[in-house]
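Q: my_file01.cif is reproduced in full below (mmCIF, C-alpha atoms).
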data_final
loop_
_atom_site.group_PDB
_atom_site.id
_atom_site.type_symbol
_atom_site.label_atom_id
_atom_site.label_comp_id
_atom_site.auth_asym_id
_atom_site.auth_seq_id
_atom_site.Cartn_x
_atom_site.Cartn_y
_atom_site.Cartn_z
ATOM 1 C CA MET A 1 0.526 28.784 18.714
ATOM 2 C CA SER A 2 -0.794 25.371 19.529
ATOM 3 C CA GLU A 3 -0.621 24.084 23.053
ATOM 4 C CA LYS A 4 0.351 20.573 21.912
ATOM 5 C CA PRO A 5 2.736 20.761 18.939
ATOM 6 C CA ALA A 6 3.599 17.069 19.194
ATOM 7 C CA GLU A 7 -0.054 16.090 18.741
ATOM 8 C CA GLU A 8 -0.428 18.479 15.810
ATOM 9 C CA SER A 9 2.653 17.067 14.075
ATOM 10 C CA ARG A 10 1.323 13.536 14.674
ATOM 11 C CA ASP A 11 -1.967 14.487 13.024
ATOM 12 C CA ARG A 12 -0.090 15.933 10.049
ATOM 13 C CA MET A 13 1.989 12.769 9.754
ATOM 14 C CA GLU A 14 -1.146 10.602 9.800
ATOM 15 C CA SER A 15 -2.722 12.809 7.133
ATOM 16 C CA ALA A 16 0.390 12.582 4.978
ATOM 17 C CA VAL A 17 0.413 8.795 5.302
ATOM 18 C CA GLY A 18 -3.260 8.727 4.254
ATOM 19 C CA CYS A 19 -2.451 10.751 1.129
ATOM 20 C CA LEU A 20 0.532 8.528 0.366
ATOM 21 C CA LEU A 21 -1.675 5.451 0.711
ATOM 22 C CA ALA A 22 -4.186 6.976 -1.719
ATOM 23 C CA VAL A 23 -1.475 7.512 -4.331
ATOM 24 C CA LEU A 24 0.025 4.053 -3.792
ATOM 25 C CA GLY A 25 -3.407 2.408 -3.915
ATOM 26 C CA ALA A 26 -4.258 4.102 -7.203
ATOM 27 C CA ALA A 27 -0.859 3.173 -8.663
ATOM 28 C CA VAL A 28 -1.064 -0.480 -7.606
ATOM 29 C CA THR A 29 -4.642 -1.001 -8.755
ATOM 30 C CA GLY A 30 -3.926 0.884 -11.983
ATOM 31 C CA ALA A 31 -0.919 -1.291 -12.786
ATOM 32 C CA PHE A 32 -2.870 -4.439 -11.944
ATOM 33 C CA ALA A 33 -6.063 -3.556 -13.816
ATOM 34 C CA LEU A 34 -4.451 -1.981 -16.872
ATOM 35 C CA SER A 35 -2.200 -4.970 -17.417
ATOM 36 C CA ARG A 36 -5.219 -7.303 -17.300
ATOM 37 C CA ALA A 37 -7.299 -5.103 -19.612
ATOM 38 C CA ALA A 38 -4.569 -4.352 -22.168
ATOM 39 C CA TYR A 39 -6.072 -6.581 -24.868
ATOM 40 C CA THR A 40 -9.534 -5.127 -24.300
ATOM 41 C CA ILE A 41 -8.209 -1.582 -24.660
ATOM 42 C CA GLU A 42 -6.240 -2.335 -27.836
ATOM 43 C CA GLY A 43 -9.047 -4.363 -29.357
ATOM 44 C CA GLY A 44 -6.976 -6.935 -31.212
ATOM 45 C CA PHE A 45 -7.011 -7.061 -35.002
ATOM 46 C CA GLU A 46 -8.576 -3.871 -36.371
ATOM 47 C CA GLY A 47 -10.100 -3.141 -32.954
ATOM 48 C CA HIS A 48 -12.834 -5.789 -33.322
ATOM 49 C CA ALA A 49 -12.578 -6.939 -29.684
ATOM 50 C CA ARG A 50 -12.507 -3.513 -28.022
ATOM 51 C CA ASP A 51 -14.827 -3.564 -25.037
ATOM 52 C CA TRP A 52 -16.068 -0.093 -24.148
ATOM 53 C CA GLY A 53 -17.691 -1.387 -20.960
ATOM 54 C CA VAL A 54 -14.281 -2.218 -19.556
ATOM 55 C CA ILE A 55 -12.803 1.077 -20.703
ATOM 56 C CA LEU A 56 -15.606 3.375 -19.540
ATOM 57 C CA VAL A 57 -16.996 1.541 -16.492
ATOM 58 C CA ASP A 58 -14.739 -1.147 -15.040
ATOM 59 C CA LEU A 59 -11.375 0.617 -15.124
ATOM 60 C CA PRO A 60 -12.606 3.947 -13.677
ATOM 61 C CA LEU A 61 -14.401 2.136 -10.843
ATOM 62 C CA ILE A 62 -11.340 0.025 -10.077
ATOM 63 C CA LEU A 63 -9.087 3.094 -10.061
ATOM 64 C CA PHE A 64 -11.562 4.976 -7.868
ATOM 65 C CA ALA A 65 -11.652 2.106 -5.383
ATOM 66 C CA GLY A 66 -7.855 2.004 -5.339
ATOM 67 C CA LEU A 67 -7.788 5.719 -4.631
ATOM 68 C CA VAL A 68 -10.463 5.729 -1.906
ATOM 69 C CA VAL A 69 -10.249 2.423 -0.022
ATOM 70 C CA PRO A 70 -6.679 2.649 1.396
ATOM 71 C CA PRO A 71 -7.047 6.112 3.023
ATOM 72 C CA LEU A 72 -10.496 5.229 4.378
ATOM 73 C CA THR A 73 -9.062 2.041 5.840
ATOM 74 C CA TRP A 74 -6.176 4.054 7.274
ATOM 75 C CA ALA A 75 -8.554 6.576 8.854
ATOM 76 C CA ALA A 76 -10.699 3.850 10.384
ATOM 77 C CA ALA A 77 -7.739 1.788 11.585
ATOM 78 C CA THR A 78 -5.861 4.679 13.205
ATOM 79 C CA ARG A 79 -8.859 5.421 15.414
ATOM 80 C CA TRP A 80 -8.459 2.124 17.270
ATOM 81 C CA LEU A 81 -4.950 0.865 16.437
ATOM 82 C CA ARG A 82 -1.393 2.120 16.524
ATOM 83 C CA PRO A 83 -0.043 3.476 13.215
ATOM 84 C CA TRP A 84 2.170 0.443 12.491
ATOM 85 C CA ALA A 85 -0.831 -1.865 12.947
ATOM 86 C CA ALA A 86 -2.955 0.402 10.750
ATOM 87 C CA VAL A 87 -0.379 0.066 7.950
ATOM 88 C CA LEU A 88 -0.646 -3.726 8.226
ATOM 89 C CA VAL A 89 -4.446 -3.520 8.099
ATOM 90 C CA CYS A 90 -4.245 -1.300 4.980
ATOM 91 C CA ALA A 91 -1.850 -3.721 3.290
ATOM 92 C CA ALA A 92 -4.162 -6.620 4.106
ATOM 93 C CA VAL A 93 -7.202 -4.787 2.724
ATOM 94 C CA VAL A 94 -5.398 -3.896 -0.514
ATOM 95 C CA GLY A 95 -4.156 -7.473 -0.867
ATOM 96 C CA LEU A 96 -7.645 -8.879 -0.319
ATOM 97 C CA GLY A 97 -9.080 -6.353 -2.765
ATOM 98 C CA LEU A 98 -6.609 -7.304 -5.483
ATOM 99 C CA TRP A 99 -7.223 -10.987 -4.806
ATOM 100 C CA GLY A 100 -10.989 -10.442 -5.124
ATOM 101 C CA LEU A 101 -10.462 -8.461 -8.310
ATOM 102 C CA ALA A 102 -8.330 -11.226 -9.796
ATOM 103 C CA ALA A 103 -10.890 -13.841 -8.791
ATOM 104 C CA GLY A 104 -13.957 -12.058 -10.137
ATOM 105 C CA TRP A 105 -12.943 -9.757 -12.983
ATOM 106 C CA HIS A 106 -12.020 -11.433 -16.259
ATOM 107 C CA PRO A 107 -11.770 -9.089 -19.238
ATOM 108 C CA ARG A 108 -11.195 -10.683 -22.622
ATOM 109 C CA GLN A 109 -7.591 -11.854 -23.007
ATOM 110 C CA ALA A 110 -7.410 -13.362 -26.469
ATOM 111 C CA PRO A 111 -9.264 -13.261 -29.806
ATOM 112 C CA ASP A 112 -12.582 -15.068 -30.181
ATOM 113 C CA PRO A 113 -12.161 -18.786 -30.851
ATOM 114 C CA GLY A 114 -14.159 -18.507 -34.065
ATOM 115 C CA TYR A 115 -11.358 -16.680 -35.840
ATOM 116 C CA GLY A 116 -8.997 -19.180 -37.409
ATOM 117 C CA PRO A 117 -6.055 -18.941 -39.763
ATOM 118 C CA GLY A 118 -8.311 -18.479 -42.777
ATOM 119 C CA LEU A 119 -8.450 -20.365 -46.060
#
Written as structure tokens, how would this file's structure read?
A:
Amino acid sequence: MSEKPAEESRDRMESAVGCLLAVLGAAVTGAFALSRAAYTIEGGFEGHARDWGVILVDLPLILFAGLVVPPLTWAAATRWLRPWAAVLVCAAVVGLGLWGLAAGWHPRQAPDPGYGPGL
């Protein structure tokens, strides 16, 4: 038996929160990124605007960052802060990450301007 069961249960709780943050981070970034890249995945008319770079590179990296960054932030923040403050730090980091993603990542959203109504 452990000499300090309260400390062991606290460590388990912190680990569970880290796992929960990983799942939530992946879900939030997935919902955000997939909604922005929907046109690029579908490809428009006959798939002419499908961008494989977004599908094979951008989306997996964004999902990986959403999976890894929140628990790493949680682990770093709980070393120096109380758990409630660490949750606020994690929320701030995810918010800043999504803001940076929205500011810098612009997958194609509409057909090329060269395609008109035809003859």
Q: Take the PyMOL selection byres ((chain A and resi 30) around 10), run it mentally on this structure, and tell me the resulting residues as a CSV table (one decimal) with C-alpha atoms, keeping the file's coordinate frame.
A:
chain,number,residue,atom,x,y,z
A,24,LEU,CA,0.0,4.1,-3.8
A,25,GLY,CA,-3.4,2.4,-3.9
A,26,ALA,CA,-4.3,4.1,-7.2
A,27,ALA,CA,-0.9,3.2,-8.7
A,28,VAL,CA,-1.1,-0.5,-7.6
A,29,THR,CA,-4.6,-1.0,-8.8
A,31,ALA,CA,-0.9,-1.3,-12.8
A,32,PHE,CA,-2.9,-4.4,-11.9
A,33,ALA,CA,-6.1,-3.6,-13.8
A,34,LEU,CA,-4.5,-2.0,-16.9
A,35,SER,CA,-2.2,-5.0,-17.4
A,36,ARG,CA,-5.2,-7.3,-17.3
A,59,LEU,CA,-11.4,0.6,-15.1
A,60,PRO,CA,-12.6,3.9,-13.7
A,62,ILE,CA,-11.3,0.0,-10.1
A,63,LEU,CA,-9.1,3.1,-10.1
A,64,PHE,CA,-11.6,5.0,-7.9
A,66,GLY,CA,-7.9,2.0,-5.3
A,67,LEU,CA,-7.8,5.7,-4.6
Q: Please list as a ChimeraX atom specification every residue within 10 Å of segment 46-58 of chain A, counting only C-alpha atoms and excluding residues in the same chain fewer than 2 positions away.
A: /A:33-34,37-44,60-64,105,107-112
Q: Could you take the residues named above and write them with C-alpha atoms, as a JSON list (two decimals), in the frame of the given file?
A:
[["chain", "number", "residue", "atom", "x", "y", "z"],
["A", 33, "ALA", "CA", -6.06, -3.56, -13.82],
["A", 34, "LEU", "CA", -4.45, -1.98, -16.87],
["A", 37, "ALA", "CA", -7.30, -5.10, -19.61],
["A", 38, "ALA", "CA", -4.57, -4.35, -22.17],
["A", 39, "TYR", "CA", -6.07, -6.58, -24.87],
["A", 40, "THR", "CA", -9.53, -5.13, -24.30],
["A", 41, "ILE", "CA", -8.21, -1.58, -24.66],
["A", 42, "GLU", "CA", -6.24, -2.34, -27.84],
["A", 43, "GLY", "CA", -9.05, -4.36, -29.36],
["A", 44, "GLY", "CA", -6.98, -6.94, -31.21],
["A", 60, "PRO", "CA", -12.61, 3.95, -13.68],
["A", 61, "LEU", "CA", -14.40, 2.14, -10.84],
["A", 62, "ILE", "CA", -11.34, 0.02, -10.08],
["A", 63, "LEU", "CA", -9.09, 3.09, -10.06],
["A", 64, "PHE", "CA", -11.56, 4.98, -7.87],
["A", 105, "TRP", "CA", -12.94, -9.76, -12.98],
["A", 107, "PRO", "CA", -11.77, -9.09, -19.24],
["A", 108, "ARG", "CA", -11.20, -10.68, -22.62],
["A", 109, "GLN", "CA", -7.59, -11.85, -23.01],
["A", 110, "ALA", "CA", -7.41, -13.36, -26.47],
["A", 111, "PRO", "CA", -9.26, -13.26, -29.81],
["A", 112, "ASP", "CA", -12.58, -15.07, -30.18]]
Q: Using the chain letters and numbers from this file, what does the PyMOL selection byres ((chain A and resi 83) around 12) select? Give the answer as a list in words.
A: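 Selection result, ordered by chain and number: Arg10, Asp11, Met13, Glu14, Ser15, Val17, Gly18, Thr73, Trp74, Ala75, Ala76, Ala77, Thr78, Arg79, Trp80, Leu81, Arg82, Trp84, Ala85, Ala86, Val87, Leu88, Val89 and Cys90 of chain A.
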Q: At what distance in Å, to one decimal, does atom CA of Val68 of chain A lie from atom CA of Leu98 of chain A?
A: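 Spanning atom CA of Leu98 of chain A to atom CA of Val68 of chain A is a straight-line distance of 14.1 Å.
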Q: To one decimal place, how far is atom CA of Ala65 of chain A from atom CA of Leu21 of chain A in Å?
A: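 A separation of 12.2 Å between them.
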Q: Kindly list the centre and edge lengths in Å, rounded to one decimal, for the axis-aligned box that covers all listed atoms of segment 67-79 of chain A plus 4 Å on each of its six sides, as JSON.
A:
{"center_x": -8.3, "center_y": 4.2, "center_z": 5.4, "size_x": 12.8, "size_y": 12.8, "size_z": 28.0}
Q: Mind pulling up the distance from atom CA of Val23 of chain A to atom CA of Gly100 of chain A?
A: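 Interatomic distance, atom CA of Gly100 of chain A to atom CA of Val23 of chain A: 20.3 Å.
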Q: Could I see segment 13-38 of chain A restored to N, CA, C and O atoms, set down as a JSON list (two decimals), in the coordinates of the input?
A:
[["chain", "number", "residue", "atom", "x", "y", "z"],
["A", 13, "MET", "N", 1.32, 13.97, 10.24],
["A", 13, "MET", "CA", 1.99, 12.77, 9.75],
["A", 13, "MET", "C", 0.95, 11.73, 9.34],
["A", 13, "MET", "O", 1.07, 11.10, 8.30],
["A", 14, "GLU", "N", -0.09, 11.56, 10.15],
["A", 14, "GLU", "CA", -1.15, 10.60, 9.80],
["A", 14, "GLU", "C", -1.88, 11.03, 8.53],
["A", 14, "GLU", "O", -2.24, 10.19, 7.71],
["A", 15, "SER", "N", -2.08, 12.32, 8.35],
["A", 15, "SER", "CA", -2.72, 12.81, 7.13],
["A", 15, "SER", "C", -1.83, 12.58, 5.92],
["A", 15, "SER", "O", -2.31, 12.20, 4.85],
["A", 16, "ALA", "N", -0.54, 12.80, 6.09],
["A", 16, "ALA", "CA", 0.39, 12.58, 4.98],
["A", 16, "ALA", "C", 0.45, 11.11, 4.60],
["A", 16, "ALA", "O", 0.50, 10.77, 3.42],
["A", 17, "VAL", "N", 0.41, 10.23, 5.59],
["A", 17, "VAL", "CA", 0.41, 8.80, 5.30],
["A", 17, "VAL", "C", -0.87, 8.42, 4.57],
["A", 17, "VAL", "O", -0.85, 7.61, 3.64],
["A", 18, "GLY", "N", -2.00, 8.99, 4.95],
["A", 18, "GLY", "CA", -3.26, 8.73, 4.25],
["A", 18, "GLY", "C", -3.20, 9.15, 2.79],
["A", 18, "GLY", "O", -3.66, 8.42, 1.91],
["A", 19, "CYS", "N", -2.60, 10.30, 2.51],
["A", 19, "CYS", "CA", -2.45, 10.75, 1.13],
["A", 19, "CYS", "C", -1.50, 9.84, 0.36],
["A", 19, "CYS", "O", -1.74, 9.52, -0.81],
["A", 20, "LEU", "N", -0.42, 9.44, 1.01],
["A", 20, "LEU", "CA", 0.53, 8.53, 0.37],
["A", 20, "LEU", "C", -0.13, 7.19, 0.05],
["A", 20, "LEU", "O", 0.08, 6.62, -1.02],
["A", 21, "LEU", "N", -0.96, 6.70, 0.96],
["A", 21, "LEU", "CA", -1.68, 5.45, 0.71],
["A", 21, "LEU", "C", -2.66, 5.59, -0.45],
["A", 21, "LEU", "O", -2.85, 4.64, -1.20],
["A", 22, "ALA", "N", -3.27, 6.75, -0.59],
["A", 22, "ALA", "CA", -4.19, 6.98, -1.72],
["A", 22, "ALA", "C", -3.43, 6.90, -3.04],
["A", 22, "ALA", "O", -3.88, 6.26, -4.00],
["A", 23, "VAL", "N", -2.27, 7.53, -3.10],
["A", 23, "VAL", "CA", -1.48, 7.51, -4.33],
["A", 23, "VAL", "C", -0.97, 6.10, -4.62],
["A", 23, "VAL", "O", -1.04, 5.62, -5.76],
["A", 24, "LEU", "N", -0.46, 5.42, -3.59],
["A", 24, "LEU", "CA", 0.02, 4.05, -3.79],
["A", 24, "LEU", "C", -1.10, 3.10, -4.19],
["A", 24, "LEU", "O", -0.92, 2.23, -5.03],
["A", 25, "GLY", "N", -2.27, 3.26, -3.57],
["A", 25, "GLY", "CA", -3.41, 2.41, -3.92],
["A", 25, "GLY", "C", -3.84, 2.59, -5.35],
["A", 25, "GLY", "O", -4.11, 1.62, -6.06],
["A", 26, "ALA", "N", -3.89, 3.84, -5.81],
["A", 26, "ALA", "CA", -4.26, 4.10, -7.20],
["A", 26, "ALA", "C", -3.21, 3.55, -8.16],
["A", 26, "ALA", "O", -3.54, 3.00, -9.21],
["A", 27, "ALA", "N", -1.93, 3.68, -7.80],
["A", 27, "ALA", "CA", -0.86, 3.17, -8.66],
["A", 27, "ALA", "C", -0.89, 1.65, -8.75],
["A", 27, "ALA", "O", -0.76, 1.07, -9.84],
["A", 28, "VAL", "N", -1.06, 0.99, -7.62],
["A", 28, "VAL", "CA", -1.06, -0.48, -7.61],
["A", 28, "VAL", "C", -2.28, -1.03, -8.35],
["A", 28, "VAL", "O", -2.16, -1.93, -9.19],
["A", 29, "THR", "N", -3.45, -0.50, -8.06],
["A", 29, "THR", "CA", -4.64, -1.00, -8.76],
["A", 29, "THR", "C", -4.60, -0.64, -10.24],
["A", 29, "THR", "O", -5.07, -1.42, -11.07],
["A", 30, "GLY", "N", -4.05, 0.52, -10.57],
["A", 30, "GLY", "CA", -3.93, 0.88, -11.98],
["A", 30, "GLY", "C", -3.01, -0.05, -12.74],
["A", 30, "GLY", "O", -3.33, -0.52, -13.83],
["A", 31, "ALA", "N", -1.85, -0.36, -12.13],
["A", 31, "ALA", "CA", -0.92, -1.29, -12.79],
["A", 31, "ALA", "C", -1.54, -2.68, -12.93],
["A", 31, "ALA", "O", -1.38, -3.34, -13.96],
["A", 32, "PHE", "N", -2.25, -3.12, -11.91],
["A", 32, "PHE", "CA", -2.87, -4.44, -11.94],
["A", 32, "PHE", "C", -4.00, -4.50, -12.97],
["A", 32, "PHE", "O", -4.05, -5.40, -13.81],
["A", 33, "ALA", "N", -4.89, -3.53, -12.94],
["A", 33, "ALA", "CA", -6.06, -3.56, -13.82],
["A", 33, "ALA", "C", -5.69, -3.26, -15.26],
["A", 33, "ALA", "O", -6.24, -3.89, -16.18],
["A", 34, "LEU", "N", -4.81, -2.32, -15.49],
["A", 34, "LEU", "CA", -4.45, -1.98, -16.87],
["A", 34, "LEU", "C", -3.69, -3.11, -17.55],
["A", 34, "LEU", "O", -3.85, -3.32, -18.76],
["A", 35, "SER", "N", -2.89, -3.84, -16.79],
["A", 35, "SER", "CA", -2.20, -4.97, -17.42],
["A", 35, "SER", "C", -3.17, -6.08, -17.78],
["A", 35, "SER", "O", -2.99, -6.78, -18.78],
["A", 36, "ARG", "N", -4.22, -6.27, -16.99],
["A", 36, "ARG", "CA", -5.22, -7.30, -17.30],
["A", 36, "ARG", "C", -6.13, -6.88, -18.45],
["A", 36, "ARG", "O", -6.64, -7.71, -19.18],
["A", 37, "ALA", "N", -6.36, -5.58, -18.60],
["A", 37, "ALA", "CA", -7.30, -5.10, -19.61],
["A", 37, "ALA", "C", -6.60, -4.60, -20.87],
["A", 37, "ALA", "O", -7.23, -3.99, -21.72],
["A", 38, "ALA", "N", -5.32, -4.88, -21.03],
["A", 38, "ALA", "CA", -4.57, -4.35, -22.17],
["A", 38, "ALA", "C", -5.15, -4.82, -23.50],
["A", 38, "ALA", "O", -5.29, -4.03, -24.44]]
